[in-house]
file protein.cif (mmCIF, C-alpha atoms; chains and numbers go by the auth columns)
data_model
#
loop_
_atom_site.group_PDB
_atom_site.id
_atom_site.type_symbol
_atom_site.label_atom_id
_atom_site.label_comp_id
_atom_site.label_asym_id
_atom_site.label_seq_id
_atom_site.Cartn_x
_atom_site.Cartn_y
_atom_site.Cartn_z
_atom_site.B_iso_or_equiv
_atom_site.auth_seq_id
_atom_site.auth_asym_id
ATOM 1 C CA MET A 1 80.262 88.493 140.625 0.00 16 N
ATOM 2 C CA SER A 2 82.484 88.485 137.558 0.00 17 N
ATOM 3 C CA THR A 3 81.765 86.279 134.585 0.00 18 N
ATOM 4 C CA THR A 4 84.409 85.044 132.195 0.00 19 N
ATOM 5 C CA VAL A 5 83.142 86.165 128.806 0.00 20 N
ATOM 6 C CA PRO A 6 84.261 84.254 125.731 0.00 21 N
ATOM 7 C CA PRO A 7 85.700 86.470 122.992 0.00 22 N
ATOM 8 C CA TRP A 8 82.868 85.964 120.536 0.00 23 N
ATOM 9 C CA ALA A 9 80.209 87.158 122.996 0.00 24 N
ATOM 10 C CA THR A 10 81.474 90.717 122.623 0.00 25 N
ATOM 11 C CA ALA A 11 82.548 90.421 118.981 0.00 26 N
ATOM 12 C CA ASP A 12 81.373 93.372 116.914 0.00 27 N
ATOM 13 C CA SER A 13 79.700 91.123 114.327 0.00 28 N
ATOM 14 C CA TYR A 14 77.700 89.174 116.923 0.00 29 N
ATOM 15 C CA GLU A 15 76.612 92.239 118.889 0.00 30 N
ATOM 16 C CA ALA A 16 75.716 94.050 115.659 0.00 31 N
ATOM 17 C CA ALA A 17 73.650 91.112 114.401 0.00 32 N
ATOM 18 C CA LEU A 18 71.635 90.937 117.630 0.00 33 N
ATOM 19 C CA HIS A 19 71.022 94.686 117.638 0.00 34 N
ATOM 20 C CA ALA A 20 69.956 94.580 113.983 0.00 35 N
ATOM 21 C CA GLY A 21 67.941 91.396 114.398 0.00 36 N
ATOM 22 C CA ARG A 22 69.460 89.808 111.322 0.00 37 N
ATOM 23 C CA GLY A 23 72.601 88.239 109.879 0.00 38 N
ATOM 24 C CA PRO A 24 74.340 86.931 107.960 0.00 39 N
ATOM 25 C CA LEU A 25 76.376 85.324 110.731 0.00 40 N
ATOM 26 C CA PHE A 26 78.239 82.015 110.795 0.00 41 N
ATOM 27 C CA LEU A 27 80.361 79.675 112.859 0.00 42 N
ATOM 28 C CA ARG A 28 83.496 78.912 110.839 0.00 43 N
ATOM 29 C CA ARG A 29 85.720 75.879 111.320 0.00 44 N
ATOM 30 C CA ALA A 30 89.446 75.955 110.605 0.00 45 N
ATOM 31 C CA ASP A 31 88.839 74.159 107.288 0.00 46 N
ATOM 32 C CA GLY A 32 86.565 76.984 106.137 0.00 47 N
ATOM 33 C CA TRP A 33 83.261 75.133 106.616 0.00 48 N
ATOM 34 C CA LEU A 34 80.461 77.528 107.628 0.00 49 N
ATOM 35 C CA LEU A 35 77.448 76.878 109.870 0.00 50 N
ATOM 36 C CA PRO A 36 74.801 79.588 109.341 0.00 51 N
ATOM 37 C CA LEU A 37 73.381 81.080 112.536 0.00 52 N
ATOM 38 C CA GLU A 38 69.638 81.757 112.430 0.00 53 N
ATOM 39 C CA VAL A 39 69.751 85.271 113.854 0.00 54 N
ATOM 40 C CA GLU A 40 66.420 86.338 112.360 0.00 55 N
ATOM 41 C CA ARG A 41 64.590 83.398 113.946 0.00 56 N
ATOM 42 C CA TRP A 42 66.333 83.881 117.280 0.00 57 N
ATOM 43 C CA CYS A 43 65.391 87.587 117.377 0.00 58 N
ATOM 44 C CA ALA A 44 61.763 86.978 116.418 0.00 59 N
ATOM 45 C CA ARG A 45 58.985 85.825 118.689 0.00 60 N
ATOM 46 C CA ALA A 46 58.661 82.114 119.488 0.00 61 N
ATOM 47 C CA ASP A 47 57.262 80.170 116.544 0.00 62 N
ATOM 48 C CA ALA A 48 54.993 77.106 116.515 0.00 63 N
ATOM 49 C CA VAL A 49 57.906 74.677 116.892 0.00 64 N
ATOM 50 C CA ASP A 50 59.260 76.653 119.851 0.00 65 N
ATOM 51 C CA ARG A 51 55.854 76.781 121.495 0.00 66 N
ATOM 52 C CA ASP A 52 55.469 73.025 121.206 0.00 67 N
ATOM 53 C CA VAL A 53 58.776 72.584 123.056 0.00 68 N
ATOM 54 C CA LEU A 54 57.656 75.025 125.729 0.00 69 N
ATOM 55 C CA ASP A 55 54.364 73.126 126.168 0.00 70 N
ATOM 56 C CA ARG A 56 56.499 70.231 127.438 0.00 71 N
ATOM 57 C CA CYS A 57 58.275 72.256 130.154 0.00 72 N
ATOM 58 C CA GLU A 58 57.668 71.353 133.790 0.00 73 N
ATOM 59 C CA GLY A 59 57.913 73.682 136.769 0.00 74 N
ATOM 60 C CA THR A 60 60.364 76.562 136.720 0.00 75 N
ATOM 61 C CA VAL A 61 62.426 76.923 133.543 0.00 76 N
ATOM 62 C CA LEU A 62 66.063 77.898 133.016 0.00 77 N
ATOM 63 C CA ASP A 63 67.000 78.727 129.403 0.00 78 N
ATOM 64 C CA VAL A 64 70.760 78.200 129.044 0.00 79 N
ATOM 65 C CA GLY A 65 72.197 80.366 126.286 0.00 80 N
ATOM 66 C CA CYS A 66 68.906 82.218 125.924 0.00 81 N
ATOM 67 C CA GLY A 67 70.189 84.517 123.188 0.00 82 N
ATOM 68 C CA PRO A 68 67.757 87.349 122.361 0.00 83 N
ATOM 69 C CA GLY A 69 65.171 85.797 124.665 0.00 84 N
ATOM 70 C CA ARG A 70 62.219 84.672 122.567 0.00 85 N
ATOM 71 C CA LEU A 71 61.632 81.541 124.680 0.00 86 N
ATOM 72 C CA VAL A 72 61.947 83.304 128.036 0.00 87 N
ATOM 73 C CA ALA A 73 59.567 86.019 126.845 0.00 88 N
ATOM 74 C CA GLU A 74 57.045 83.425 125.647 0.00 89 N
ATOM 75 C CA LEU A 75 57.156 81.647 128.997 0.00 90 N
ATOM 76 C CA ALA A 76 56.798 84.949 130.864 0.00 91 N
ATOM 77 C CA GLY A 77 53.733 85.726 128.754 0.00 92 N
ATOM 78 C CA ARG A 78 52.239 82.419 129.893 0.00 93 N
ATOM 79 C CA GLY A 79 52.789 83.369 133.526 0.00 94 N
ATOM 80 C CA ARG A 80 55.576 80.796 133.956 0.00 95 N
ATOM 81 C CA THR A 81 58.614 81.353 136.176 0.00 96 N
ATOM 82 C CA ALA A 82 61.511 81.437 133.724 0.00 97 N
ATOM 83 C CA LEU A 83 65.035 82.817 133.639 0.00 98 N
ATOM 84 C CA GLY A 84 67.462 83.111 130.761 0.00 99 N
ATOM 85 C CA ILE A 85 71.233 83.164 131.084 0.00 100 N
ATOM 86 C CA ASP A 86 73.642 84.306 128.399 0.00 101 N
ATOM 87 C CA VAL A 87 77.205 85.622 128.343 0.00 102 N
ATOM 88 C CA SER A 88 76.284 88.273 125.762 0.00 103 N
ATOM 89 C CA GLY A 89 75.197 91.624 127.125 0.00 104 N
ATOM 90 C CA ALA A 90 73.301 92.371 123.908 0.00 105 N
ATOM 91 C CA ALA A 91 71.351 89.120 124.293 0.00 106 N
ATOM 92 C CA VAL A 92 70.400 89.899 127.882 0.00 107 N
ATOM 93 C CA GLU A 93 69.274 93.406 126.930 0.00 108 N
ATOM 94 C CA HIS A 94 67.164 92.075 124.055 0.00 109 N
ATOM 95 C CA THR A 95 65.515 89.534 126.389 0.00 110 N
ATOM 96 C CA ALA A 96 64.558 92.309 128.800 0.00 111 N
ATOM 97 C CA ARG A 97 63.058 94.352 125.970 0.00 112 N
ATOM 98 C CA LEU A 98 60.828 91.395 125.087 0.00 113 N
ATOM 99 C CA GLY A 99 59.613 91.172 128.693 0.00 114 N
ATOM 100 C CA GLY A 100 61.732 88.243 129.899 0.00 115 N
ATOM 101 C CA ARG A 101 64.163 87.943 132.801 0.00 116 N
ATOM 102 C CA ALA A 102 67.806 87.187 132.047 0.00 117 N
ATOM 103 C CA LEU A 103 71.216 87.341 133.687 0.00 118 N
ATOM 104 C CA ARG A 104 74.572 87.852 132.031 0.00 119 N
ATOM 105 C CA ARG A 105 76.019 84.630 133.305 0.00 120 N
ATOM 106 C CA SER A 106 77.755 81.454 132.117 0.00 121 N
ATOM 107 C CA VAL A 107 76.120 78.110 132.839 0.00 122 N
ATOM 108 C CA PHE A 108 79.341 77.219 134.668 0.00 123 N
ATOM 109 C CA ASP A 109 79.001 80.212 137.027 0.00 124 N
ATOM 110 C CA PRO A 110 77.019 80.006 140.283 0.00 125 N
ATOM 111 C CA LEU A 111 73.342 80.406 139.389 0.00 126 N
ATOM 112 C CA PRO A 112 70.067 81.042 141.232 0.00 127 N
ATOM 113 C CA ARG A 113 67.998 78.039 142.370 0.00 128 N
ATOM 114 C CA GLU A 114 70.724 75.446 141.791 0.00 129 N
ATOM 115 C CA GLY A 115 69.284 71.957 142.210 0.00 130 N
ATOM 116 C CA ARG A 116 65.707 73.273 142.070 0.00 131 N
ATOM 117 C CA TRP A 117 64.891 74.020 138.414 0.00 132 N
ATOM 118 C CA GLY A 118 62.087 71.938 136.952 0.00 133 N
ATOM 119 C CA THR A 119 63.280 72.226 133.350 0.00 134 N
ATOM 120 C CA VAL A 120 66.492 73.305 131.638 0.00 135 N
ATOM 121 C CA LEU A 121 66.438 74.287 127.962 0.00 136 N
ATOM 122 C CA LEU A 122 69.415 73.822 125.616 0.00 137 N
ATOM 123 C CA MET A 123 67.982 75.095 122.349 0.00 138 N
ATOM 124 C CA ASP A 124 69.433 76.398 119.078 0.00 139 N
ATOM 125 C CA GLY A 125 72.516 74.197 119.210 0.00 140 N
ATOM 126 C CA ASN A 126 73.437 75.112 122.780 0.00 141 N
ATOM 127 C CA ILE A 127 74.294 71.500 123.569 0.00 142 N
ATOM 128 C CA GLY A 128 77.587 72.670 122.023 0.00 143 N
ATOM 129 C CA ILE A 129 78.399 75.084 124.841 0.00 144 N
ATOM 130 C CA GLY A 130 81.981 74.646 126.010 0.00 145 N
ATOM 131 C CA GLY A 131 82.763 71.908 123.475 0.00 146 N
ATOM 132 C CA ASP A 132 82.459 69.179 126.132 0.00 147 N
ATOM 133 C CA PRO A 133 79.000 67.540 126.170 0.00 148 N
ATOM 134 C CA SER A 134 79.729 65.379 129.216 0.00 149 N
ATOM 135 C CA ALA A 135 80.770 68.375 131.314 0.00 150 N
ATOM 136 C CA LEU A 136 77.710 70.342 130.210 0.00 151 N
ATOM 137 C CA LEU A 137 75.314 67.490 130.971 0.00 152 N
ATOM 138 C CA ASN A 138 76.885 67.044 134.390 0.00 153 N
ATOM 139 C CA ARG A 139 76.449 70.746 135.116 0.00 154 N
ATOM 140 C CA VAL A 140 72.822 70.713 133.967 0.00 155 N
ATOM 141 C CA ALA A 141 72.098 67.713 136.209 0.00 156 N
ATOM 142 C CA GLY A 142 73.296 69.783 139.156 0.00 157 N
ATOM 143 C CA LEU A 143 70.907 72.600 138.245 0.00 158 N
ATOM 144 C CA LEU A 144 67.786 70.426 138.016 0.00 159 N
ATOM 145 C CA ARG A 145 65.603 69.173 140.833 0.00 160 N
ATOM 146 C CA PRO A 146 65.304 65.389 141.343 0.00 161 N
ATOM 147 C CA ARG A 147 63.640 63.892 138.246 0.00 162 N
ATOM 148 C CA GLY A 148 64.089 67.221 136.507 0.00 163 N
ATOM 149 C CA LEU A 149 63.755 67.601 132.746 0.00 164 N
ATOM 150 C CA LEU A 150 66.262 68.642 130.080 0.00 165 N
ATOM 151 C CA LEU A 151 64.875 69.638 126.685 0.00 166 N
ATOM 152 C CA ALA A 152 67.683 69.822 124.129 0.00 167 N
ATOM 153 C CA GLU A 153 67.736 70.638 120.436 0.00 168 N
ATOM 154 C CA THR A 154 70.097 68.373 118.518 0.00 169 N
ATOM 155 C CA ALA A 155 71.635 68.616 115.065 0.00 170 N
ATOM 156 C CA PRO A 156 69.437 67.324 112.228 0.00 171 N
ATOM 157 C CA GLN A 157 72.247 64.974 111.159 0.00 172 N
ATOM 158 C CA ASP A 158 73.769 62.083 113.079 0.00 173 N
ATOM 159 C CA VAL A 159 76.948 63.956 113.973 0.00 174 N
ATOM 160 C CA ASP A 160 79.347 63.916 116.932 0.00 175 N
ATOM 161 C CA GLU A 161 81.819 66.734 116.423 0.00 176 N
ATOM 162 C CA ARG A 162 84.027 68.721 118.784 0.00 177 N
ATOM 163 C CA VAL A 163 85.780 71.587 117.059 0.00 178 N
ATOM 164 C CA ARG A 164 87.172 75.056 117.490 0.00 179 N
ATOM 165 C CA VAL A 165 85.217 77.666 115.596 0.00 180 N
ATOM 166 C CA ARG A 166 85.154 81.405 115.036 0.00 181 N
ATOM 167 C CA ILE A 167 82.145 83.637 114.662 0.00 182 N
ATOM 168 C CA THR A 168 82.139 85.551 111.408 0.00 183 N
ATOM 169 C CA ASP A 169 79.891 87.714 109.278 0.00 184 N
ATOM 170 C CA ALA A 170 79.616 87.788 105.523 0.00 185 N
ATOM 171 C CA GLY A 171 82.940 89.616 105.256 0.00 186 N
ATOM 172 C CA SER A 172 86.448 88.493 106.120 0.00 187 N
ATOM 173 C CA ALA A 173 86.302 89.527 109.793 0.00 188 N
ATOM 174 C CA ALA A 174 86.282 86.698 112.333 0.00 189 N
ATOM 175 C CA GLY A 175 86.506 86.565 116.108 0.00 190 N
ATOM 176 C CA ALA A 176 88.866 84.538 118.275 0.00 191 N
ATOM 177 C CA PRO A 177 88.486 80.735 118.185 0.00 192 N
ATOM 178 C CA PHE A 178 86.493 78.917 120.866 0.00 193 N
ATOM 179 C CA PRO A 179 85.477 75.281 121.503 0.00 194 N
ATOM 180 C CA TRP A 180 82.104 74.042 120.281 0.00 195 N
ATOM 181 C CA ALA A 181 80.305 70.733 119.785 0.00 196 N
ATOM 182 C CA ARG A 182 77.666 69.525 117.342 0.00 197 N
ATOM 183 C CA LEU A 183 75.636 66.484 118.369 0.00 198 N
ATOM 184 C CA GLY A 184 72.842 64.571 116.726 0.00 199 N
ATOM 185 C CA THR A 185 70.327 62.716 118.871 0.00 200 N
ATOM 186 C CA PRO A 186 72.213 59.365 118.850 0.00 201 N
ATOM 187 C CA ALA A 187 75.412 61.068 119.981 0.00 202 N
ATOM 188 C CA LEU A 188 73.675 62.977 122.774 0.00 203 N
ATOM 189 C CA LEU A 189 72.114 59.751 124.027 0.00 204 N
ATOM 190 C CA ARG A 190 75.584 58.189 124.188 0.00 205 N
ATOM 191 C CA TYR A 191 76.823 61.019 126.375 0.00 206 N
ATOM 192 C CA ALA A 192 73.730 60.978 128.599 0.00 207 N
ATOM 193 C CA ARG A 193 74.927 58.441 131.164 0.00 208 N
ATOM 194 C CA GLY A 194 72.868 58.804 134.333 0.00 209 N
ATOM 195 C CA TRP A 195 69.942 60.290 132.398 0.00 210 N
ATOM 196 C CA GLU A 196 66.656 58.653 131.449 0.00 211 N
ATOM 197 C CA PRO A 197 65.440 59.241 127.866 0.00 212 N
ATOM 198 C CA ALA A 198 61.993 60.832 128.017 0.00 213 N
ATOM 199 C CA GLY A 199 61.123 61.340 124.372 0.00 214 N
ATOM 200 C CA GLN A 200 62.435 62.560 121.029 0.00 215 N
ATOM 201 C CA TRP A 201 60.683 64.260 118.129 0.00 216 N
ATOM 202 C CA SER A 202 61.188 66.309 114.977 0.00 217 N
ATOM 203 C CA ALA A 203 59.296 69.400 113.818 0.00 218 N
ATOM 204 C CA GLY A 204 59.955 72.095 111.251 0.00 219 N
ATOM 205 C CA GLY A 205 63.213 70.498 110.186 0.00 220 N
ATOM 206 C CA ARG A 206 64.499 70.594 113.776 0.00 221 N
ATOM 207 C CA ARG A 207 65.161 67.694 116.165 0.00 222 N
ATOM 208 C CA PHE A 208 64.700 67.505 119.922 0.00 223 N
ATOM 209 C CA LEU A 209 65.475 65.156 122.780 0.00 224 N
ATOM 210 C CA ALA A 210 64.024 65.072 126.304 0.00 225 N
ATOM 211 C CA LEU A 211 66.122 63.640 129.134 0.00 226 N
ATOM 212 C CA ARG A 212 65.253 63.225 132.788 0.00 227 N
ATOM 213 C CA THR A 213 67.634 62.955 135.715 0.00 228 N
ATOM 214 C CA ARG A 214 67.528 59.466 137.238 0.00 229 N
ATOM 215 C CA THR A 215 68.832 60.254 140.711 0.00 230 N
ATOM 216 C CA THR A 216 68.691 63.011 143.284 0.00 231 N
ATOM 217 C CA SER A 217 70.502 65.986 141.848 0.00 232 N
ATOM 218 C CA SER A 218 73.100 67.821 143.866 0.00 233 N
ATOM 219 C CA ARG A 219 74.806 71.088 143.267 0.00 234 N
ATOM 220 C CA ALA A 220 77.658 70.528 140.866 0.00 235 N
ATOM 221 C CA GLU A 221 80.967 72.329 141.205 0.00 236 N
ATOM 222 C CA PRO A 222 81.222 74.982 138.494 0.00 237 N
ATOM 223 C CA ALA A 223 83.568 73.825 135.783 0.00 238 N
ATOM 224 C CA LYS A 224 86.918 75.611 135.664 0.00 239 N
ATOM 225 C CA ARG A 225 86.457 76.868 132.149 0.00 240 N
ATOM 226 C CA ALA A 226 84.792 79.630 130.192 0.00 241 N
ATOM 227 C CA ALA A 227 81.412 78.773 128.770 0.00 242 N
ATOM 228 C CA VAL A 228 80.497 79.792 125.250 0.00 243 N
ATOM 229 C CA ILE A 229 77.143 80.177 123.628 0.00 244 N
ATOM 230 C CA SER A 230 75.669 81.218 120.532 0.00 245 N
ATOM 231 C CA SER A 231 72.937 81.443 124.414 0.00 246 N
ATOM 232 C CA GLN A 232 50.076 82.859 126.427 0.00 247 N
ATOM 233 C CA ARG A 233 47.936 81.232 124.370 0.00 248 N
ATOM 234 C CA ALA A 234 48.891 77.593 124.782 0.00 249 N
ATOM 235 C CA ARG A 235 47.789 75.716 127.849 0.00 250 N
ATOM 236 C CA LYS A 236 49.949 75.776 130.951 0.00 251 N
ATOM 237 C CA PRO A 237 51.196 72.204 131.442 0.00 252 N
ATOM 238 C CA SER A 238 51.016 70.407 134.747 0.00 253 N
ATOM 239 C CA GLY A 239 54.020 68.946 136.502 0.00 254 N
ATOM 240 C CA ASP A 240 53.131 65.571 134.964 0.00 255 N
ATOM 241 C CA SER A 241 52.834 66.757 131.368 0.00 256 N
ATOM 242 C CA PRO A 242 54.168 64.247 128.825 0.00 257 N
ATOM 243 C CA VAL A 243 57.299 65.033 126.864 0.00 258 N
ATOM 244 C CA ALA A 244 57.336 62.132 124.406 0.00 259 N
ATOM 245 C CA ASP A 245 56.451 62.646 120.763 0.00 260 N
ATOM 246 C CA ARG A 246 52.818 63.665 120.349 0.00 261 N
#
call {"tool": "encode", "arguments": {"input": "protein.cif", "output": "structure tokens"}}
result
Amino acid sequence: MSTTVPPWATADSYEAALHAGRGPLFLRRADGWLLPLEVERWCARADAVDRDVLDRCEGTVLDVGCGPGRLVAELAGRGRTALGIDVSGAAVEHTARLGGRALRRSVFDPLPREGRWGTVLLMDGNIGIGGDPSALLNRVAGLLRPRGLLLAETAPQDVDERVRVRITDAGSAAGAPFPWARLGTPALLRYARGWEPAGQWSAGGRRFLALRTRTTSSRAEPAKRAAVISSQRARKPSGDSPVADR
């Protein structure tokens, strides 16, 4: 199966940063504004904030835009069934090196276990994938089982922004533009029609929102667009584990 790969996923600066495990790396808007990408954190092992999010997962877990795979590897170490998907070959390779399972795939491609995942993760700003939050939420609903759980990381600010950005390093080089979105928690709740809010919390300067599907999920038609992405020791939760702020 072929996957449409956005231009930045194979950009030299992005691939080099993942291989090196460090930046600097940024998303750059047309007006020159830069959003730093936390490559070092993404390439490290899951931290305490990550582990708290993972404690809230239910059932099988799909990490959309898994990047270098720290969350998938953490779940695998806990004996959980988890799969990462990412359009970057370097990200998928890094995930495998950490001991996680990942596919080089867009969220809008056909995926394993459609309509049967217990939890979908959209971490590290991946609610921005494709630049169309409504389309992404609709696709995620089709991946989850009935009453399935979405755990999303939102922007720290109350922002609702759809832009075209380029990935760039500290120099002047920049990749081709692609659509992206930045959403704070209030904005994501506005887009989440057909979802039931299941909790929100902040930790380590990061913000998170849990949403649950209200109705029986069905397999959604893959969107006719390219997707873009960036993408143990704790107890194993039961299927009824709470997701609200604790």
call {"tool": "residues_around", "arguments": {"input": "protein.cif", "residues": "N:Leu118", "least_positions_apart": "5", "cutoff": "10 Å", "atoms": "only C-alpha atoms", "output": "number ranges by chain"}}
result
N: 81, 98-104, 106-108, 110-111, 126-127
call {"tool": "closest_residue", "arguments": {"input": "protein.cif", "among": "N:Gly140, N:Gly74, N:Pro83, N:Gly219", "to": "N:Leu52", "atoms": "all atoms listed in the file"}}
result
N:Gly140
call {"tool": "closest_residue", "arguments": {"input": "protein.cif", "among": "N:Ile142, N:Ala117, N:Val135, N:Ala196", "to": "N:Gly157", "atoms": "all atoms listed in the file"}}
result
N:Val135
call {"tool": "closest_residue", "arguments": {"input": "protein.cif", "among": "N:Asp46, N:Glu30, N:Glu55, N:Asp67", "to": "N:Val178", "atoms": "only C-alpha atoms"}}
result
N:Asp46
call {"tool": "resolve_selection", "arguments": {"input": "protein.cif", "expression": "the PyMOL selection byres ((chain N and resi 192) around 7)", "output": "JSON, numbers by chain"}}
result
{"N": [179, 180, 181, 190, 191, 193]}
call {"tool": "closest_residue", "arguments": {"input": "protein.cif", "among": "N:Ala97, N:Ala32, N:Ala170, N:Val155", "to": "N:Cys58", "atoms": "only C-alpha atoms"}}
result
N:Ala32
call {"tool": "residues_around", "arguments": {"input": "protein.cif", "residues": "N:Ala218", "least_positions_apart": "5", "cutoff": "12 Å", "atoms": "all atoms listed in the file", "output": "list in words"}}
result
Asp62, Ala63, Val64, Asp65, Arg66, Asp67, Val68, Glu168, Thr169, Pro171, Phe223, Leu224, Asp260 and Arg261 of chain N
call {"tool": "atom_distance", "arguments": {"input": "protein.cif", "atom1": "atom CA of N:Phe123", "atom2": "atom CA of N:His34"}}
result
25.8 Å
call {"tool": "closest_residue", "arguments": {"input": "protein.cif", "among": "N:Gly214, N:Gln172, N:Ile182, N:Pro161", "to": "N:Arg229", "atoms": "all atoms listed in the file"}}
result
N:Pro161
call {"tool": "atom_distance", "arguments": {"input": "protein.cif", "atom1": "atom CA of N:His109", "atom2": "atom CA of N:Arg93"}}
result
18.7 Å
call {"tool": "residues_near_point", "arguments": {"input": "protein.cif", "point": "(68.9, 77.2, 129.3)", "cutoff": "6 Å", "atoms": "all atoms listed in the file", "output": "PyMOL selection string"}}
result
chain N and resi 77-80+135-137
call {"tool": "build_atoms", "arguments": {"input": "protein.cif", "residues": "stretch 85-92 of chain N", "atoms": "all heavy atoms", "output": "mmCIF file, in the frame of the given file"}}
result
data_model
loop_
_atom_site.group_PDB
_atom_site.id
_atom_site.type_symbol
_atom_site.label_atom_id
_atom_site.label_comp_id
_atom_site.auth_asym_id
_atom_site.auth_seq_id
_atom_site.Cartn_x
_atom_site.Cartn_y
_atom_site.Cartn_z
ATOM 1 N N ARG N 85 63.587 84.930 123.011
ATOM 2 C CA ARG N 85 62.219 84.672 122.567
ATOM 3 C C ARG N 85 61.522 83.617 123.414
ATOM 4 O O ARG N 85 60.314 83.727 123.674
ATOM 5 C CB ARG N 85 62.226 84.241 121.096
ATOM 6 C CG ARG N 85 62.758 82.834 120.840
ATOM 7 C CD ARG N 85 62.932 82.522 119.355
ATOM 8 N NE ARG N 85 63.171 81.106 119.116
ATOM 9 C CZ ARG N 85 64.324 80.488 119.318
ATOM 10 N NH1 ARG N 85 65.370 81.172 119.779
ATOM 11 N NH2 ARG N 85 64.452 79.196 119.075
ATOM 12 N N LEU N 86 62.254 82.620 123.905
ATOM 13 C CA LEU N 86 61.632 81.541 124.680
ATOM 14 C C LEU N 86 61.301 82.014 126.096
ATOM 15 O O LEU N 86 60.236 81.695 126.627
ATOM 16 C CB LEU N 86 62.552 80.329 124.723
ATOM 17 C CG LEU N 86 62.982 79.784 123.358
ATOM 18 C CD1 LEU N 86 63.921 78.590 123.524
ATOM 19 C CD2 LEU N 86 61.770 79.407 122.513
ATOM 20 N N VAL N 87 62.203 82.769 126.695
ATOM 21 C CA VAL N 87 61.947 83.304 128.036
ATOM 22 C C VAL N 87 60.748 84.246 127.996
ATOM 23 O O VAL N 87 59.885 84.219 128.878
ATOM 24 C CB VAL N 87 63.199 84.019 128.575
ATOM 25 C CG1 VAL N 87 62.937 84.594 129.962
ATOM 26 C CG2 VAL N 87 64.390 83.083 128.617
ATOM 27 N N ALA N 88 60.689 85.088 126.963
ATOM 28 C CA ALA N 88 59.567 86.019 126.845
ATOM 29 C C ALA N 88 58.253 85.280 126.650
ATOM 30 O O ALA N 88 57.221 85.652 127.224
ATOM 31 C CB ALA N 88 59.817 86.980 125.678
ATOM 32 N N GLU N 89 58.264 84.225 125.848
ATOM 33 C CA GLU N 89 57.045 83.425 125.647
ATOM 34 C C GLU N 89 56.582 82.802 126.956
ATOM 35 O O GLU N 89 55.388 82.828 127.292
ATOM 36 C CB GLU N 89 57.305 82.349 124.600
ATOM 37 C CG GLU N 89 56.188 81.339 124.414
ATOM 38 C CD GLU N 89 54.977 81.879 123.675
ATOM 39 O OE1 GLU N 89 55.085 82.949 123.053
ATOM 40 O OE2 GLU N 89 53.917 81.218 123.721
ATOM 41 N N LEU N 90 57.517 82.245 127.714
ATOM 42 C CA LEU N 90 57.156 81.647 128.997
ATOM 43 C C LEU N 90 56.630 82.704 129.971
ATOM 44 O O LEU N 90 55.659 82.461 130.697
ATOM 45 C CB LEU N 90 58.366 80.926 129.593
ATOM 46 C CG LEU N 90 58.752 79.612 128.898
ATOM 47 C CD1 LEU N 90 60.152 79.185 129.325
ATOM 48 C CD2 LEU N 90 57.747 78.506 129.220
ATOM 49 N N ALA N 91 57.267 83.872 129.989
ATOM 50 C CA ALA N 91 56.798 84.949 130.864
ATOM 51 C C ALA N 91 55.377 85.353 130.498
ATOM 52 O O ALA N 91 54.537 85.601 131.374
ATOM 53 C CB ALA N 91 57.729 86.149 130.768
ATOM 54 N N GLY N 92 55.077 85.386 129.197
ATOM 55 C CA GLY N 92 53.733 85.726 128.754
ATOM 56 C C GLY N 92 52.701 84.696 129.167
ATOM 57 O O GLY N 92 51.510 85.006 129.264
#
